[in-house]
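Everything below concerns the one structure shown next.
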Amino acid sequence: RAVLGSVADRVIRSARQPVFLVRPQEDQMPSAPIRRILVPLDGSRLAEQALPEAITLAKANQSEIWLLQSVEFPEYWGEEYAGMHALPVLISTEEQEAAARAYLLQMAAGLTAEQIPAQIVVTTGHAASAISDVVADNDMDLIVMSTHGRSGLSRWVFGSVAEKVVRLAECPVLLIRAQEVNEENLNVP
């Protein structure tokens with residue numbers, strides 16, 4: 001809240017439309033056109049709801065989309081996992097990374113089919129830190145992400161990964177408030 005201010009905080013928590021956040025630093029405005037868009041995904045359909053907005057922006061700007069998944073382990077899990085009745089079965093780092101890579105390659109294939117260049121990145125660690133690192137290391141112009149991924153199974157939570165990304169990111173963030181949907185009605189690649 002101290003980073004965003006109380007008005008921005010209330011808008012993010014209540015807006016039903018995507019919210020574009022730019023911290024008050026001149027050098028944070030995206031270049032024109034936007035060249036690289038980072039879309040963090042966690043494997044959930046809710047997180048994938050950011051893809052249609054990213055696709056629209058990529059087509060309009062002839063951008064490439066970078067898909068990121070960070071493999072997390074229990075020591076990285078925070079309050080966003082509190083209240084879960086059963087934690088995911090723990091598998092090896094290599095198996096989790098391979099599963100993440102296969103998932104991202106599938107998502108990237110859908111982007112490529114739409115003539116959008118796509119890159120994938122699989123990291124290990126806390127998602128917000130991984131997102132911030134990828135932005136800094138790869139000169140990203142924009143992050144497009146859902147405010148509701150695996151961390152918000154029963155309610156929309158702005159306060160975990162999305163809040164940390166807004167605080168840490170060195171570029172603007174477009175937040176999409178994800179809605180519970182039937183998987184067959186979701187229109188993503």
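Naming scheme: A, B, ... for chains in displayed order of the structure tokens; residues 1 onward per chain; ligands 1 onward as shown.
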
Polymer residues at most 10 Å from Thr124 in chain A, only C-alpha atoms, same-chain spacing of 2 or more positions, as a list in words: Gln69, Ser70, Val71, Glu72, Phe73, Tyr76, Thr93, Gln96, Glu97, Val122, His126, Ala127, Ser129 and Ala130 of chain A

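The nearest approach to Glu94 in chain A among the residues A:Thr123, A:Arg177, A:Ile55, A:Trp66, with only C-alpha atoms taken into account, belongs to A:Thr123.
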
Find the residues near Ala118 in chain A: any atom within 9 Å, counting only C-alpha atoms, skip ones fewer than 5 places away on the same chain, and give them as a list in words.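 Residues meeting the cut-off are Glu64, Ile65, Trp66, Leu67, Ala108, Ala109, Leu111 and Thr112 of chain A.
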
Write the residues you've just listed into a file as an mmCIF file, in the first residue's frame, and include N, CA and C atoms for each of them.
data_model
loop_
_atom_site.group_PDB
_atom_site.id
_atom_site.type_symbol
_atom_site.label_atom_id
_atom_site.label_comp_id
_atom_site.auth_asym_id
_atom_site.auth_seq_id
_atom_site.Cartn_x
_atom_site.Cartn_y
_atom_site.Cartn_z
ATOM 1 N N GLU A 64 7.177 -9.939 -28.970
ATOM 2 C CA GLU A 64 7.321 -11.339 -28.614
ATOM 3 C C GLU A 64 6.807 -11.504 -27.191
ATOM 4 N N ILE A 65 6.297 -12.689 -26.922
ATOM 5 C CA ILE A 65 5.809 -13.003 -25.579
ATOM 6 C C ILE A 65 6.751 -14.016 -24.951
ATOM 7 N N TRP A 66 7.184 -13.701 -23.744
ATOM 8 C CA TRP A 66 7.998 -14.617 -22.956
ATOM 9 C C TRP A 66 7.095 -15.225 -21.894
ATOM 10 N N LEU A 67 7.045 -16.535 -21.852
ATOM 11 C CA LEU A 67 6.257 -17.249 -20.860
ATOM 12 C C LEU A 67 7.192 -17.745 -19.764
ATOM 13 N N ALA A 108 3.440 -21.990 -25.680
ATOM 14 C CA ALA A 108 4.189 -21.267 -26.715
ATOM 15 C C ALA A 108 3.781 -21.718 -28.105
ATOM 16 N N ALA A 109 3.475 -22.987 -28.273
ATOM 17 C CA ALA A 109 3.031 -23.495 -29.578
ATOM 18 C C ALA A 109 1.737 -22.802 -30.009
ATOM 19 N N LEU A 111 0.892 -19.763 -29.214
ATOM 20 C CA LEU A 111 1.273 -18.408 -29.616
ATOM 21 C C LEU A 111 1.904 -18.413 -31.000
ATOM 22 N N THR A 112 2.788 -19.365 -31.230
ATOM 23 C CA THR A 112 3.450 -19.471 -32.526
ATOM 24 C C THR A 112 2.429 -19.699 -33.634
#

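The closest residue to Met145 in chain A, picked from A:Ala98, A:Val173, A:Ile34, A:Leu105 and counting only C-alpha atoms, is A:Val173.
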
Length of the CA of Cys171 in chain A to CA of Thr147 in chain A vector [Å]: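 Computed distance, CA of Cys171 in chain A to CA of Thr147 in chain A, equals 16.7 Å.
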